[in-house]
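Shown here: protein-v7.txt, compact mmCIF, N, CA and C atoms and all ligand atoms.
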# COMPACT_ATOMS: atom_id res chain seq x y z
N MET A 1 84.84 85.74 46.38
CA MET A 1 84.54 85.18 47.72
C MET A 1 83.93 86.26 48.62
N ARG A 2 82.78 85.98 49.25
CA ARG A 2 82.14 86.94 50.14
C ARG A 2 82.34 86.52 51.58
N PRO A 3 82.56 87.46 52.47
CA PRO A 3 82.67 87.10 53.90
C PRO A 3 81.33 86.62 54.43
N ALA A 4 81.39 85.57 55.25
CA ALA A 4 80.15 84.97 55.75
C ALA A 4 79.59 85.72 56.95
N SER A 5 80.26 86.79 57.37
CA SER A 5 79.86 87.45 58.61
C SER A 5 79.00 88.69 58.34
N LEU A 6 78.10 88.62 57.40
CA LEU A 6 77.22 89.77 57.12
C LEU A 6 75.88 89.62 57.82
N SER A 7 75.91 89.11 59.05
CA SER A 7 74.64 88.85 59.73
C SER A 7 74.25 89.97 60.70
N TYR A 8 74.22 89.68 62.00
CA TYR A 8 73.66 90.62 62.97
C TYR A 8 74.71 91.43 63.72
N ALA A 9 75.81 91.70 63.10
CA ALA A 9 76.88 92.42 63.81
C ALA A 9 76.37 93.77 64.30
N GLY A 10 76.56 94.03 65.59
CA GLY A 10 76.18 95.32 66.15
C GLY A 10 74.69 95.48 66.37
N PHE A 11 73.98 94.40 66.42
CA PHE A 11 72.53 94.49 66.58
C PHE A 11 72.08 94.05 67.97
N GLU A 12 73.02 93.97 68.88
CA GLU A 12 72.65 93.52 70.23
C GLU A 12 71.98 94.64 71.02
N GLU A 13 70.99 94.29 71.79
CA GLU A 13 70.30 95.27 72.61
C GLU A 13 71.14 95.58 73.85
N PRO A 14 71.50 96.82 74.06
CA PRO A 14 72.32 97.16 75.24
C PRO A 14 71.47 97.22 76.50
N HIS A 15 71.12 96.07 77.04
CA HIS A 15 70.22 96.04 78.19
C HIS A 15 70.84 96.67 79.43
N PHE A 16 72.18 96.77 79.45
CA PHE A 16 72.83 97.32 80.64
C PHE A 16 72.68 98.83 80.71
N LEU A 17 72.09 99.42 79.68
CA LEU A 17 71.92 100.88 79.68
C LEU A 17 70.58 101.30 80.28
N GLU A 18 69.89 100.38 80.92
CA GLU A 18 68.55 100.69 81.38
C GLU A 18 68.52 101.53 82.66
N ALA A 19 69.53 101.31 83.52
CA ALA A 19 69.48 102.00 84.80
C ALA A 19 70.87 102.43 85.25
N CYS A 20 70.88 103.45 86.10
CA CYS A 20 72.15 103.92 86.66
C CYS A 20 72.79 102.80 87.47
N HIS A 21 74.08 102.64 87.27
CA HIS A 21 74.80 101.55 87.94
C HIS A 21 74.87 101.78 89.45
N LEU A 22 74.80 103.03 89.87
CA LEU A 22 74.98 103.33 91.29
C LEU A 22 73.65 103.42 92.02
N CYS A 23 72.73 104.25 91.55
CA CYS A 23 71.49 104.49 92.29
C CYS A 23 70.29 103.79 91.63
N SER A 24 70.54 103.05 90.54
CA SER A 24 69.49 102.27 89.88
C SER A 24 68.35 103.11 89.35
N LYS A 25 68.58 104.39 89.22
CA LYS A 25 67.58 105.25 88.60
C LYS A 25 67.49 104.89 87.12
N SER A 26 66.28 104.72 86.63
CA SER A 26 66.14 104.31 85.24
C SER A 26 66.58 105.43 84.30
N LEU A 27 67.26 105.03 83.25
CA LEU A 27 67.80 106.00 82.32
C LEU A 27 66.89 106.08 81.09
N GLY A 28 66.21 107.18 80.99
CA GLY A 28 65.31 107.35 79.84
C GLY A 28 66.10 107.63 78.57
N HIS A 29 65.42 107.54 77.48
CA HIS A 29 66.09 107.73 76.19
C HIS A 29 66.52 109.18 76.00
N ASN A 30 65.81 110.09 76.65
CA ASN A 30 66.13 111.50 76.44
C ASN A 30 66.96 112.10 77.56
N SER A 31 67.33 111.27 78.54
CA SER A 31 68.16 111.80 79.61
C SER A 31 69.63 111.52 79.32
N ASP A 32 70.48 112.30 79.95
CA ASP A 32 71.92 112.14 79.75
C ASP A 32 72.40 110.85 80.40
N ILE A 33 73.28 110.20 79.72
CA ILE A 33 73.89 109.00 80.29
C ILE A 33 75.39 109.21 80.33
N PHE A 34 75.95 108.98 81.51
CA PHE A 34 77.38 109.15 81.69
C PHE A 34 78.04 107.77 81.72
N MET A 35 78.85 107.51 80.73
CA MET A 35 79.48 106.19 80.63
C MET A 35 80.80 106.17 81.39
N TYR A 36 81.09 105.00 81.90
CA TYR A 36 82.34 104.81 82.64
C TYR A 36 82.87 103.43 82.31
N ARG A 37 84.14 103.35 82.00
CA ARG A 37 84.79 102.10 81.64
C ARG A 37 84.09 101.41 80.47
N GLY A 38 83.56 102.19 79.59
CA GLY A 38 83.04 101.63 78.34
C GLY A 38 81.60 101.17 78.39
N ASN A 39 81.17 100.49 79.45
CA ASN A 39 79.82 99.93 79.41
C ASN A 39 79.06 100.09 80.71
N THR A 40 79.50 100.97 81.59
CA THR A 40 78.77 101.18 82.84
C THR A 40 78.09 102.54 82.79
N PRO A 41 76.77 102.55 82.78
CA PRO A 41 76.04 103.81 82.65
C PRO A 41 75.68 104.44 84.00
N PHE A 42 75.68 105.76 84.02
CA PHE A 42 75.28 106.49 85.23
C PHE A 42 74.35 107.63 84.85
N CYS A 43 73.46 107.98 85.79
CA CYS A 43 72.46 108.99 85.50
C CYS A 43 73.06 110.38 85.60
N SER A 44 74.16 110.50 86.34
CA SER A 44 74.73 111.83 86.54
C SER A 44 76.24 111.72 86.74
N GLN A 45 76.87 112.88 86.63
CA GLN A 45 78.30 112.92 86.82
C GLN A 45 78.66 112.56 88.26
N GLU A 46 77.77 112.94 89.18
CA GLU A 46 78.03 112.67 90.60
C GLU A 46 78.07 111.16 90.85
N CYS A 47 77.09 110.45 90.26
CA CYS A 47 77.04 109.01 90.44
C CYS A 47 78.29 108.36 89.86
N ARG A 48 78.68 108.81 88.68
CA ARG A 48 79.85 108.22 88.05
C ARG A 48 81.10 108.50 88.88
N GLN A 49 81.19 109.74 89.37
CA GLN A 49 82.35 110.11 90.17
C GLN A 49 82.44 109.25 91.42
N GLU A 50 81.28 108.97 92.00
CA GLU A 50 81.27 108.16 93.21
C GLU A 50 81.75 106.73 92.90
N GLN A 51 81.28 106.19 91.78
CA GLN A 51 81.71 104.85 91.40
C GLN A 51 83.21 104.82 91.12
N ILE A 52 83.72 105.85 90.50
CA ILE A 52 85.16 105.94 90.24
C ILE A 52 85.91 105.91 91.56
N GLY A 53 85.39 106.66 92.55
CA GLY A 53 86.02 106.68 93.86
C GLY A 53 86.01 105.31 94.51
N ILE A 54 84.86 104.62 94.39
CA ILE A 54 84.73 103.28 94.97
C ILE A 54 85.74 102.34 94.31
N ASP A 55 85.80 102.41 92.99
CA ASP A 55 86.72 101.53 92.27
C ASP A 55 88.16 101.80 92.65
N GLU A 56 88.50 103.07 92.75
CA GLU A 56 89.88 103.41 93.09
C GLU A 56 90.24 102.91 94.47
N ALA A 57 89.31 103.08 95.41
CA ALA A 57 89.56 102.61 96.78
C ALA A 57 89.73 101.10 96.78
N ARG A 58 88.89 100.40 96.02
CA ARG A 58 88.96 98.95 95.97
C ARG A 58 90.28 98.50 95.36
N GLU A 59 90.70 99.17 94.29
CA GLU A 59 91.94 98.79 93.65
C GLU A 59 93.12 99.03 94.58
N ARG A 60 93.07 100.12 95.29
CA ARG A 60 94.16 100.42 96.21
C ARG A 60 94.23 99.33 97.29
N ARG A 61 93.05 98.94 97.81
CA ARG A 61 93.01 97.92 98.85
C ARG A 61 93.55 96.59 98.31
N CYS A 62 93.12 96.24 97.10
CA CYS A 62 93.55 94.98 96.49
C CYS A 62 95.07 94.97 96.36
N ARG A 63 95.61 96.07 95.90
CA ARG A 63 97.03 96.12 95.69
C ARG A 63 97.77 95.95 97.02
N ARG A 64 97.24 96.57 98.05
CA ARG A 64 97.89 96.48 99.34
C ARG A 64 97.82 95.04 99.85
N VAL A 65 96.67 94.40 99.70
CA VAL A 65 96.50 93.03 100.19
C VAL A 65 97.38 92.07 99.41
N SER A 66 97.45 92.28 98.08
CA SER A 66 98.20 91.35 97.25
C SER A 66 99.70 91.45 97.49
N LYS A 67 100.12 92.51 98.11
CA LYS A 67 101.55 92.62 98.43
C LYS A 67 101.88 91.67 99.58
N LYS A 68 102.75 90.73 99.30
CA LYS A 68 103.09 89.73 100.33
C LYS A 68 104.13 90.27 101.29
N SER A 69 104.75 91.37 100.91
CA SER A 69 105.91 91.81 101.68
C SER A 69 105.50 92.78 102.79
N THR A 70 104.51 92.39 103.59
CA THR A 70 104.08 93.26 104.67
C THR A 70 105.19 93.42 105.70
N SER A 71 105.90 92.30 105.98
CA SER A 71 106.99 92.36 106.95
C SER A 71 108.10 93.25 106.41
N GLU A 72 108.30 93.19 105.12
CA GLU A 72 109.33 94.01 104.51
C GLU A 72 109.01 95.49 104.70
N ILE A 73 107.72 95.82 104.50
CA ILE A 73 107.31 97.21 104.67
C ILE A 73 107.53 97.64 106.11
N LYS A 74 107.16 96.75 107.04
CA LYS A 74 107.33 97.06 108.46
C LYS A 74 108.80 97.33 108.76
N LYS A 75 109.66 96.45 108.23
CA LYS A 75 111.08 96.58 108.45
C LYS A 75 111.59 97.93 107.95
N SER A 76 111.21 98.24 106.71
CA SER A 76 111.73 99.47 106.11
C SER A 76 111.20 100.70 106.84
N SER A 77 109.97 100.61 107.35
CA SER A 77 109.43 101.76 108.06
C SER A 77 110.15 101.92 109.40
N THR A 78 110.54 100.78 110.01
CA THR A 78 111.31 100.85 111.24
C THR A 78 112.65 101.52 110.97
N ILE A 79 113.28 101.09 109.89
CA ILE A 79 114.55 101.68 109.51
C ILE A 79 114.40 103.17 109.29
N GLN A 80 113.28 103.51 108.62
CA GLN A 80 113.05 104.92 108.33
C GLN A 80 112.94 105.73 109.63
N SER A 81 112.16 105.20 110.58
CA SER A 81 111.98 105.96 111.81
C SER A 81 113.29 106.00 112.60
N GLU A 82 114.08 104.92 112.49
CA GLU A 82 115.38 104.93 113.17
C GLU A 82 116.28 106.01 112.57
N THR A 83 116.24 106.04 111.24
CA THR A 83 117.04 107.05 110.56
C THR A 83 116.60 108.45 110.99
N LEU A 84 115.28 108.59 111.13
CA LEU A 84 114.75 109.88 111.53
C LEU A 84 115.26 110.24 112.93
N LEU A 85 115.28 109.22 113.80
CA LEU A 85 115.74 109.45 115.17
C LEU A 85 117.21 109.86 115.18
N VAL A 86 117.99 109.17 114.34
CA VAL A 86 119.42 109.49 114.27
C VAL A 86 119.63 110.89 113.73
N ALA A 87 118.88 111.19 112.69
CA ALA A 87 119.03 112.51 112.09
C ALA A 87 118.36 113.53 112.99
ZN ZN B 101 72.59 107.54 89.54

Represent the structure contained in this file as structure tokens.
Amino acid sequence: MRPASLSYAGFEEPHFLEACHLCSKSLGHNSDIFMYRGNTPFCSQECRQEQIGIDEARERRCRRVSKKSTSEIKKSSTIQSETLLVA
């Protein structure tokens, strides 16, 4: 029995490698490409670092927004400052 999957595996054109994800500078075949998260190309380390910063900031914001316990945080911070006042 032969596996039927001997066709075009791995033959897809990586069209997303054409330009830097941040500054849209075209990425030539002989220039360095800095990958991030597996499939996001950047023309330089600086561009990639900036995107990492953007992503981290976005994730932090998302996490803060998704937290429903804003009142809880307020309460605990009040308690904390009260404790500070007492101490
Ligand atoms: Zn770039």

Would you list the residues that come within 7 Å of ligand ZN 101 (chain B)? Count only C-alpha atoms and all ligand atoms and give the answer as an mmCIF file with N, CA and C atoms, in the frame of the given file.
data_model
loop_
_atom_site.group_PDB
_atom_site.id
_atom_site.type_symbol
_atom_site.label_atom_id
_atom_site.label_comp_id
_atom_site.auth_asym_id
_atom_site.auth_seq_id
_atom_site.Cartn_x
_atom_site.Cartn_y
_atom_site.Cartn_z
ATOM 1 N N CYS A 20 70.880 103.450 86.100
ATOM 2 C CA CYS A 20 72.150 103.920 86.660
ATOM 3 C C CYS A 20 72.790 102.800 87.470
ATOM 4 N N HIS A 21 74.080 102.640 87.270
ATOM 5 C CA HIS A 21 74.800 101.550 87.940
ATOM 6 C C HIS A 21 74.870 101.780 89.450
ATOM 7 N N LEU A 22 74.800 103.030 89.870
ATOM 8 C CA LEU A 22 74.980 103.330 91.290
ATOM 9 C C LEU A 22 73.650 103.420 92.020
ATOM 10 N N CYS A 23 72.730 104.250 91.550
ATOM 11 C CA CYS A 23 71.490 104.490 92.290
ATOM 12 C C CYS A 23 70.290 103.790 91.630
ATOM 13 N N SER A 24 70.540 103.050 90.540
ATOM 14 C CA SER A 24 69.490 102.270 89.880
ATOM 15 C C SER A 24 68.350 103.110 89.350
ATOM 16 N N LYS A 25 68.580 104.390 89.220
ATOM 17 C CA LYS A 25 67.580 105.250 88.600
ATOM 18 C C LYS A 25 67.490 104.890 87.120
ATOM 19 N N PHE A 42 75.680 105.760 84.020
ATOM 20 C CA PHE A 42 75.280 106.490 85.230
ATOM 21 C C PHE A 42 74.350 107.630 84.850
ATOM 22 N N CYS A 43 73.460 107.980 85.790
ATOM 23 C CA CYS A 43 72.460 108.990 85.500
ATOM 24 C C CYS A 43 73.060 110.380 85.600
ATOM 25 N N SER A 44 74.160 110.500 86.340
ATOM 26 C CA SER A 44 74.730 111.830 86.540
ATOM 27 C C SER A 44 76.240 111.720 86.740
ATOM 28 N N CYS A 47 77.090 110.450 90.260
ATOM 29 C CA CYS A 47 77.040 109.010 90.440
ATOM 30 C C CYS A 47 78.290 108.360 89.860
#

Item to check | atom C of Gln51 of chain A to atom N of Arg63 of chain A, straight-line distance in Å | outcome: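 Computing the Euclidean distance for atom N of Arg63 of chain A and atom C of Gln51 of chain A yields 15.9 Å.
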
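Reported to one decimal place, the separation of atom CA of Arg61 of chain A from atom CA of Gly38 of chain A is 23.1 Å.
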
Please, what distance in Å, to one decimal, runs between atom CA of Arg60 of chain A and atom C of Arg48 of chain A?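 Computed distance, atom CA of Arg60 of chain A to atom C of Arg48 of chain A, equals 17.0 Å.
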
Would you compute, for all listed atoms of segment 29-38 of chain A, the axis-aligned bounding box grown by 5 Å on each side, and then report its centre and edge lengths in Å rounded to one decimal, as JSON?
{"center_x": 75.1, "center_y": 106.7, "center_z": 79.3, "size_x": 29.4, "size_y": 21.1, "size_z": 16.6}

Counting only C-alpha atoms, closest pick from A:Ile33, A:Cys62, A:Leu27, A:Ala19 relative to Gln45 of chain A is A:Ile33

From a DSSP calculation on the backbone, collect every residue of segment 8-59 of chain A in helix (DSSP H, G or I) and output the set as a PyMOL selection string. chain A and resi 15-17+45-59
